[in-house]
Amino acid sequence: MTRIFTRMVVLVAAAATTSAAQSTPATTAATVVAPTTKRAKVPFAAGERMEYDVKFGALRVGSAHMEVVALDNLRGRAAWHTAFWVQGGNFLYRVNDVYESWMDAETLSSLRFVQNLEEGGKEIERRYEIYPERAIFVQTSKKPALEEKSVTQPLDDGSFLYFLRTLPLTVGQTYSFDRYFRPDRNPVRITVVRKERITVPAGTFDAIVLQPTIKTKGIFSENGHAEIWLSDDDRRIMLQLKSKLSFGSLNLYLKSYFPSPNP
């Protein structure tokens, strides 16, 4: 989860000497029909999409969007395929990153995590195959691809954001999870701090505010003071994200929400 939003800091550096750049949305993958299976109750479905402005203070430095791409068949399991895009920069430094997650539709455990990063003319791909039943993961983009210890109900950066949407989220409650697929980053803690009404480009919403912390550096570190606003309704869509960094505030604001055509 930290890696996704840490990449947005790169957009800040890219835009510090010039105006914000325009970005073009990525192409959505085709939907794949998954086998019939028992599924966990979730507030999302294939085709749901959220679009964001990314700002550093008042300066727009790029855009981002989250999407439930499909319900896929992965290793014989029905799996939600989600994706998160971050785009922006300027003529000196461009960013075009995509993070994809596949999570078991029944257990909501991560099965695959892929990062495709294009930053400053350099391209990096990281691919992880995750096996909850064996509590291991394999970074297949790394040679040799060795088995590494994981946890029994793993979650990755992207799937954690969707998992949050399934929680009851009681104000004053702190939720602690040893579910990050890299065990040394556990526990992940989510504190529900308050409810409030906010206005973003997409409209005015009742929201519930969370403070996530992970044992790592970056936006969701213990010193990051990050907050996430989810809609206070059955959808639990991410409305806004803010993090107070040492050099300023990095923020996401929902500008468009497209519900699934097949809820």
# chains A, B, ... in the order shown; residues from 1 in each chain; ligands from 1
>>> select_by_dssp(residues="segment 51-120 of chain A", states="strand (DSSP E)", output="JSON, numbers by chain")
{"A": [51, 52, 53, 54, 55, 56, 59, 60, 61, 62, 63, 64, 65, 66, 67, 68, 69, 70, 71, 72, 73, 74, 77, 78, 79, 80, 81, 82, 83, 84, 85, 86, 87, 88, 89, 94, 95, 96, 97, 98, 99, 100, 101, 102, 103, 104, 110, 111, 112, 113, 114, 115, 116, 117, 118, 119]}
>>> residues_around(residues="Thr199 of chain A", least_positions_apart="6", cutoff="10 Å", atoms="only C-alpha atoms", output="PyMOL selection string")
chain A and resi 205-207+239-240+253-254
>>> write_last_selection(atoms="all heavy atoms", output="compact mmCIF listing (two decimals), in the first residue's frame")
# COMPACT_ATOMS: atom_id res chain seq x y z
N PHE A 205 -20.01 14.71 0.09
CA PHE A 205 -20.27 13.38 0.62
C PHE A 205 -20.13 13.37 2.14
O PHE A 205 -19.33 14.11 2.71
CB PHE A 205 -19.24 12.37 0.06
CG PHE A 205 -19.23 12.23 -1.43
CD1 PHE A 205 -18.50 13.09 -2.22
CD2 PHE A 205 -19.95 11.20 -2.04
CE1 PHE A 205 -18.47 12.95 -3.60
CE2 PHE A 205 -19.92 11.05 -3.42
CZ PHE A 205 -19.19 11.93 -4.20
N ASP A 206 -20.88 12.49 2.80
CA ASP A 206 -20.60 12.11 4.17
C ASP A 206 -19.45 11.12 4.14
O ASP A 206 -19.46 10.17 3.34
CB ASP A 206 -21.82 11.48 4.83
CG ASP A 206 -22.93 12.48 5.07
OD1 ASP A 206 -22.62 13.64 5.43
OD2 ASP A 206 -24.11 12.11 4.89
N ALA A 207 -18.45 11.34 5.00
CA ALA A 207 -17.23 10.53 4.93
C ALA A 207 -16.84 10.00 6.29
O ALA A 207 -17.18 10.58 7.34
CB ALA A 207 -16.09 11.37 4.36
N LEU A 239 -12.71 8.87 -1.30
CA LEU A 239 -13.02 10.22 -1.73
C LEU A 239 -11.80 11.13 -1.76
O LEU A 239 -11.70 12.02 -2.60
CB LEU A 239 -14.06 10.84 -0.78
CG LEU A 239 -15.37 10.08 -0.58
CD1 LEU A 239 -16.15 10.69 0.57
CD2 LEU A 239 -16.19 10.09 -1.87
N GLN A 240 -10.89 10.90 -0.85
CA GLN A 240 -9.80 11.85 -0.65
C GLN A 240 -8.68 11.16 0.14
O GLN A 240 -8.94 10.27 0.95
CB GLN A 240 -10.34 13.03 0.14
CG GLN A 240 -9.40 14.19 0.38
CD GLN A 240 -10.15 15.37 0.99
OE1 GLN A 240 -10.71 16.18 0.28
NE2 GLN A 240 -10.19 15.44 2.31
N TYR A 253 -7.84 13.89 -4.74
CA TYR A 253 -9.23 14.31 -4.65
C TYR A 253 -10.04 13.60 -5.73
O TYR A 253 -9.69 13.67 -6.92
CB TYR A 253 -9.36 15.82 -4.83
CG TYR A 253 -8.58 16.63 -3.83
CD1 TYR A 253 -7.32 17.13 -4.15
CD2 TYR A 253 -9.09 16.89 -2.56
CE1 TYR A 253 -6.60 17.89 -3.24
CE2 TYR A 253 -8.38 17.65 -1.64
CZ TYR A 253 -7.13 18.14 -1.98
OH TYR A 253 -6.41 18.88 -1.07
N LEU A 254 -11.11 12.93 -5.33
CA LEU A 254 -11.97 12.24 -6.31
C LEU A 254 -12.63 13.25 -7.23
O LEU A 254 -13.27 14.20 -6.79
CB LEU A 254 -13.05 11.44 -5.57
CG LEU A 254 -13.99 10.63 -6.46
CD1 LEU A 254 -13.27 9.44 -7.07
CD2 LEU A 254 -15.21 10.17 -5.65
>>> residues_around(residues="Tyr131 of chain A", least_positions_apart="4", cutoff="12 Å", atoms="only C-alpha atoms", output="MDAnalysis selection string")
chainID A and resid 74:75 77 102:104 109:113 135:139 147:155 181
>>> write_last_selection(atoms="N, CA, C and O atoms", output="mmCIF file, in the first residue's frame")
data_model
loop_
_atom_site.group_PDB
_atom_site.id
_atom_site.type_symbol
_atom_site.label_atom_id
_atom_site.label_comp_id
_atom_site.auth_asym_id
_atom_site.auth_seq_id
_atom_site.Cartn_x
_atom_site.Cartn_y
_atom_site.Cartn_z
ATOM 1 N N LEU A 74 -7.825 -17.234 -11.945
ATOM 2 C CA LEU A 74 -6.391 -17.302 -11.705
ATOM 3 C C LEU A 74 -6.067 -18.577 -10.932
ATOM 4 O O LEU A 74 -6.533 -18.770 -9.810
ATOM 5 N N ARG A 75 -5.296 -19.453 -11.555
ATOM 6 C CA ARG A 75 -4.912 -20.739 -10.955
ATOM 7 C C ARG A 75 -6.135 -21.508 -10.457
ATOM 8 O O ARG A 75 -6.137 -22.116 -9.382
ATOM 9 N N ARG A 77 -8.991 -20.257 -9.475
ATOM 10 C CA ARG A 77 -9.779 -19.523 -8.485
ATOM 11 C C ARG A 77 -10.385 -18.279 -9.127
ATOM 12 O O ARG A 77 -9.767 -17.640 -9.988
ATOM 13 N N TRP A 102 -4.460 -9.147 -7.884
ATOM 14 C CA TRP A 102 -5.479 -10.183 -8.029
ATOM 15 C C TRP A 102 -5.718 -10.767 -6.637
ATOM 16 O O TRP A 102 -4.778 -11.256 -5.998
ATOM 17 N N MET A 103 -6.978 -10.724 -6.154
ATOM 18 C CA MET A 103 -7.267 -11.280 -4.837
ATOM 19 C C MET A 103 -8.417 -12.266 -4.930
ATOM 20 O O MET A 103 -9.395 -12.058 -5.652
ATOM 21 N N ASP A 104 -8.252 -13.365 -4.201
ATOM 22 C CA ASP A 104 -9.224 -14.449 -4.188
ATOM 23 C C ASP A 104 -10.610 -13.894 -3.849
ATOM 24 O O ASP A 104 -10.779 -13.198 -2.844
ATOM 25 N N SER A 109 -7.722 -12.901 -0.192
ATOM 26 C CA SER A 109 -6.271 -13.006 -0.060
ATOM 27 C C SER A 109 -5.610 -12.717 -1.403
ATOM 28 O O SER A 109 -6.142 -13.080 -2.462
ATOM 29 N N SER A 110 -4.450 -12.089 -1.367
ATOM 30 C CA SER A 110 -3.723 -11.765 -2.590
ATOM 31 C C SER A 110 -3.176 -13.026 -3.253
ATOM 32 O O SER A 110 -2.631 -13.903 -2.577
ATOM 33 N N LEU A 111 -3.309 -13.080 -4.565
ATOM 34 C CA LEU A 111 -2.777 -14.191 -5.349
ATOM 35 C C LEU A 111 -1.671 -13.741 -6.298
ATOM 36 O O LEU A 111 -0.793 -14.537 -6.646
ATOM 37 N N ARG A 112 -1.729 -12.487 -6.713
ATOM 38 C CA ARG A 112 -0.716 -11.955 -7.646
ATOM 39 C C ARG A 112 -0.647 -10.440 -7.477
ATOM 40 O O ARG A 112 -1.662 -9.778 -7.254
ATOM 41 N N PHE A 113 0.572 -9.894 -7.588
ATOM 42 C CA PHE A 113 0.781 -8.454 -7.489
ATOM 43 C C PHE A 113 1.818 -8.064 -8.532
ATOM 44 O O PHE A 113 2.889 -8.664 -8.602
ATOM 45 N N ALA A 135 1.615 -20.063 2.415
ATOM 46 C CA ALA A 135 2.214 -18.916 3.118
ATOM 47 C C ALA A 135 3.589 -18.573 2.537
ATOM 48 O O ALA A 135 4.557 -18.341 3.267
ATOM 49 N N ILE A 136 3.662 -18.520 1.190
ATOM 50 C CA ILE A 136 4.894 -18.115 0.516
ATOM 51 C C ILE A 136 4.553 -17.171 -0.621
ATOM 52 O O ILE A 136 3.400 -17.067 -1.047
ATOM 53 N N PHE A 137 5.577 -16.463 -1.119
ATOM 54 C CA PHE A 137 5.451 -15.728 -2.372
ATOM 55 C C PHE A 137 6.736 -15.895 -3.161
ATOM 56 O O PHE A 137 7.793 -16.220 -2.608
ATOM 57 N N VAL A 138 6.632 -15.687 -4.471
ATOM 58 C CA VAL A 138 7.773 -15.792 -5.370
ATOM 59 C C VAL A 138 7.807 -14.546 -6.237
ATOM 60 O O VAL A 138 6.809 -14.212 -6.894
ATOM 61 N N GLN A 139 8.918 -13.825 -6.226
ATOM 62 C CA GLN A 139 9.072 -12.687 -7.133
ATOM 63 C C GLN A 139 9.587 -13.224 -8.457
ATOM 64 O O GLN A 139 10.775 -13.445 -8.653
ATOM 65 N N GLU A 147 11.420 -18.961 -3.495
ATOM 66 C CA GLU A 147 10.301 -18.891 -2.573
ATOM 67 C C GLU A 147 10.712 -18.105 -1.328
ATOM 68 O O GLU A 147 11.803 -18.296 -0.785
ATOM 69 N N GLU A 148 9.817 -17.200 -0.886
ATOM 70 C CA GLU A 148 10.061 -16.422 0.322
ATOM 71 C C GLU A 148 8.858 -16.555 1.248
ATOM 72 O O GLU A 148 7.724 -16.753 0.802
ATOM 73 N N LYS A 149 9.110 -16.421 2.539
ATOM 74 C CA LYS A 149 8.063 -16.586 3.535
ATOM 75 C C LYS A 149 7.038 -15.464 3.427
ATOM 76 O O LYS A 149 7.371 -14.295 3.279
ATOM 77 N N SER A 150 5.752 -15.821 3.516
ATOM 78 C CA SER A 150 4.667 -14.851 3.511
ATOM 79 C C SER A 150 3.779 -15.112 4.721
ATOM 80 O O SER A 150 4.255 -15.563 5.769
ATOM 81 N N VAL A 151 2.482 -14.826 4.604
ATOM 82 C CA VAL A 151 1.508 -15.057 5.672
ATOM 83 C C VAL A 151 0.340 -15.847 5.089
ATOM 84 O O VAL A 151 0.221 -15.996 3.874
ATOM 85 N N THR A 152 -0.549 -16.326 5.953
ATOM 86 C CA THR A 152 -1.607 -17.221 5.483
ATOM 87 C C THR A 152 -2.779 -16.498 4.829
ATOM 88 O O THR A 152 -3.523 -17.100 4.064
ATOM 89 N N GLN A 153 -2.983 -15.214 5.118
ATOM 90 C CA GLN A 153 -4.041 -14.434 4.490
ATOM 91 C C GLN A 153 -3.440 -13.153 3.931
ATOM 92 O O GLN A 153 -3.735 -12.050 4.395
ATOM 93 N N PRO A 154 -2.588 -13.258 2.922
ATOM 94 C CA PRO A 154 -1.796 -12.107 2.475
ATOM 95 C C PRO A 154 -2.617 -11.050 1.742
ATOM 96 O O PRO A 154 -3.619 -11.344 1.094
ATOM 97 N N LEU A 155 -2.153 -9.816 1.868
ATOM 98 C CA LEU A 155 -2.668 -8.694 1.101
ATOM 99 C C LEU A 155 -1.480 -7.908 0.573
ATOM 100 O O LEU A 155 -0.433 -7.831 1.228
ATOM 101 N N PHE A 181 1.790 -9.114 2.684
ATOM 102 C CA PHE A 181 2.419 -10.346 2.178
ATOM 103 C C PHE A 181 3.904 -10.434 2.485
ATOM 104 O O PHE A 181 4.485 -11.521 2.460
#
>>> residues_around(residues="segment 187-195 of chain A", least_positions_apart="6", cutoff="10 Å", atoms="only C-alpha atoms", output="MDAnalysis selection string")
chainID A and resid 1 160 164 169:180 206:216 220:222 227:232
>>> decode(residues="segment 167-199 of chain A", atoms="N, CA, C and O atoms", output="compact mmCIF listing (two decimals), in the first residue's frame")
# COMPACT_ATOMS: atom_id res chain seq x y z
N LEU A 167 -14.55 -3.52 5.79
CA LEU A 167 -14.53 -3.50 7.26
C LEU A 167 -15.70 -2.69 7.81
O LEU A 167 -16.21 -1.78 7.15
N PRO A 168 -16.13 -2.97 9.06
CA PRO A 168 -17.25 -2.22 9.66
C PRO A 168 -16.91 -0.77 9.96
O PRO A 168 -17.78 0.10 9.93
N LEU A 169 -15.67 -0.45 10.29
CA LEU A 169 -15.17 0.92 10.47
C LEU A 169 -15.97 1.70 11.52
O LEU A 169 -16.71 2.63 11.21
N THR A 170 -15.77 1.35 12.77
CA THR A 170 -16.40 2.02 13.89
C THR A 170 -15.48 3.13 14.41
O THR A 170 -14.28 2.88 14.66
N VAL A 171 -15.99 4.34 14.55
CA VAL A 171 -15.19 5.47 15.01
C VAL A 171 -14.61 5.16 16.39
O VAL A 171 -15.29 4.67 17.29
N GLY A 172 -13.30 5.44 16.55
CA GLY A 172 -12.59 5.16 17.78
C GLY A 172 -11.93 3.81 17.82
O GLY A 172 -11.10 3.54 18.69
N GLN A 173 -12.24 2.95 16.84
CA GLN A 173 -11.68 1.59 16.79
C GLN A 173 -10.37 1.59 16.00
O GLN A 173 -10.24 2.28 14.99
N THR A 174 -9.39 0.81 16.48
CA THR A 174 -8.16 0.58 15.74
C THR A 174 -8.11 -0.89 15.32
O THR A 174 -8.26 -1.78 16.16
N TYR A 175 -7.92 -1.12 14.03
CA TYR A 175 -7.84 -2.47 13.48
C TYR A 175 -6.37 -2.78 13.18
O TYR A 175 -5.68 -1.98 12.55
N SER A 176 -5.91 -3.92 13.63
CA SER A 176 -4.52 -4.32 13.42
C SER A 176 -4.50 -5.64 12.65
O SER A 176 -5.20 -6.59 12.99
N PHE A 177 -3.67 -5.69 11.59
CA PHE A 177 -3.63 -6.85 10.71
C PHE A 177 -2.19 -7.30 10.49
O PHE A 177 -1.32 -6.48 10.19
N ASP A 178 -1.96 -8.60 10.62
CA ASP A 178 -0.68 -9.19 10.22
C ASP A 178 -0.88 -9.87 8.86
O ASP A 178 -0.61 -11.06 8.70
N ARG A 179 -1.33 -9.08 7.88
CA ARG A 179 -1.71 -9.66 6.60
C ARG A 179 -0.90 -9.14 5.41
O ARG A 179 -1.10 -9.61 4.29
N TYR A 180 0.02 -8.19 5.62
CA TYR A 180 0.83 -7.75 4.47
C TYR A 180 1.69 -8.92 4.02
O TYR A 180 2.26 -9.65 4.84
N PHE A 181 1.79 -9.11 2.68
CA PHE A 181 2.42 -10.35 2.18
C PHE A 181 3.90 -10.43 2.49
O PHE A 181 4.48 -11.52 2.46
N ARG A 182 4.54 -9.31 2.81
CA ARG A 182 5.92 -9.32 3.31
C ARG A 182 5.86 -9.21 4.83
O ARG A 182 5.54 -8.15 5.38
N PRO A 183 6.13 -10.28 5.57
CA PRO A 183 5.88 -10.31 7.01
C PRO A 183 6.59 -9.22 7.81
O PRO A 183 6.08 -8.77 8.83
N ASP A 184 7.77 -8.74 7.35
CA ASP A 184 8.51 -7.76 8.13
C ASP A 184 7.83 -6.39 8.16
O ASP A 184 8.25 -5.50 8.92
N ARG A 185 6.77 -6.19 7.36
CA ARG A 185 6.06 -4.91 7.37
C ARG A 185 4.80 -4.94 8.23
O ARG A 185 4.07 -3.96 8.30
N ASN A 186 4.56 -6.06 8.86
CA ASN A 186 3.40 -6.17 9.74
C ASN A 186 3.75 -5.71 11.16
O ASN A 186 4.91 -5.74 11.55
N PRO A 187 2.77 -5.27 11.97
CA PRO A 187 1.35 -5.20 11.59
C PRO A 187 1.02 -3.91 10.83
O PRO A 187 1.72 -2.90 10.96
N VAL A 188 -0.06 -3.94 10.07
CA VAL A 188 -0.67 -2.75 9.48
C VAL A 188 -1.81 -2.33 10.39
O VAL A 188 -2.66 -3.16 10.74
N ARG A 189 -1.84 -1.07 10.78
CA ARG A 189 -2.88 -0.58 11.69
C ARG A 189 -3.75 0.46 11.00
O ARG A 189 -3.24 1.35 10.31
N ILE A 190 -5.05 0.35 11.21
CA ILE A 190 -6.02 1.29 10.66
C ILE A 190 -6.84 1.85 11.83
O ILE A 190 -7.53 1.09 12.51
N THR A 191 -6.75 3.15 12.07
CA THR A 191 -7.52 3.80 13.12
C THR A 191 -8.65 4.62 12.49
O THR A 191 -8.41 5.40 11.57
N VAL A 192 -9.87 4.40 12.96
CA VAL A 192 -11.02 5.16 12.48
C VAL A 192 -11.18 6.37 13.41
O VAL A 192 -11.53 6.23 14.57
N VAL A 193 -10.90 7.58 12.89
CA VAL A 193 -10.76 8.75 13.76
C VAL A 193 -12.01 9.60 13.88
O VAL A 193 -12.27 10.19 14.93
N ARG A 194 -12.83 9.70 12.82
CA ARG A 194 -13.99 10.59 12.90
C ARG A 194 -14.86 10.42 11.65
O ARG A 194 -14.49 9.73 10.70
N LYS A 195 -16.01 11.08 11.69
CA LYS A 195 -16.87 11.23 10.52
C LYS A 195 -17.01 12.72 10.23
O LYS A 195 -17.01 13.54 11.15
N GLU A 196 -17.16 13.07 8.95
CA GLU A 196 -17.37 14.47 8.58
C GLU A 196 -17.92 14.55 7.16
O GLU A 196 -17.91 13.57 6.42
N ARG A 197 -18.40 15.72 6.81
CA ARG A 197 -18.94 15.96 5.47
C ARG A 197 -17.91 16.76 4.68
O ARG A 197 -17.44 17.79 5.15
N ILE A 198 -17.55 16.26 3.49
CA ILE A 198 -16.52 16.93 2.70
C ILE A 198 -17.01 17.16 1.27
O ILE A 198 -17.94 16.50 0.79
N THR A 199 -16.34 18.11 0.61
CA THR A 199 -16.62 18.40 -0.79
C THR A 199 -15.34 18.18 -1.60
O THR A 199 -14.28 18.72 -1.27
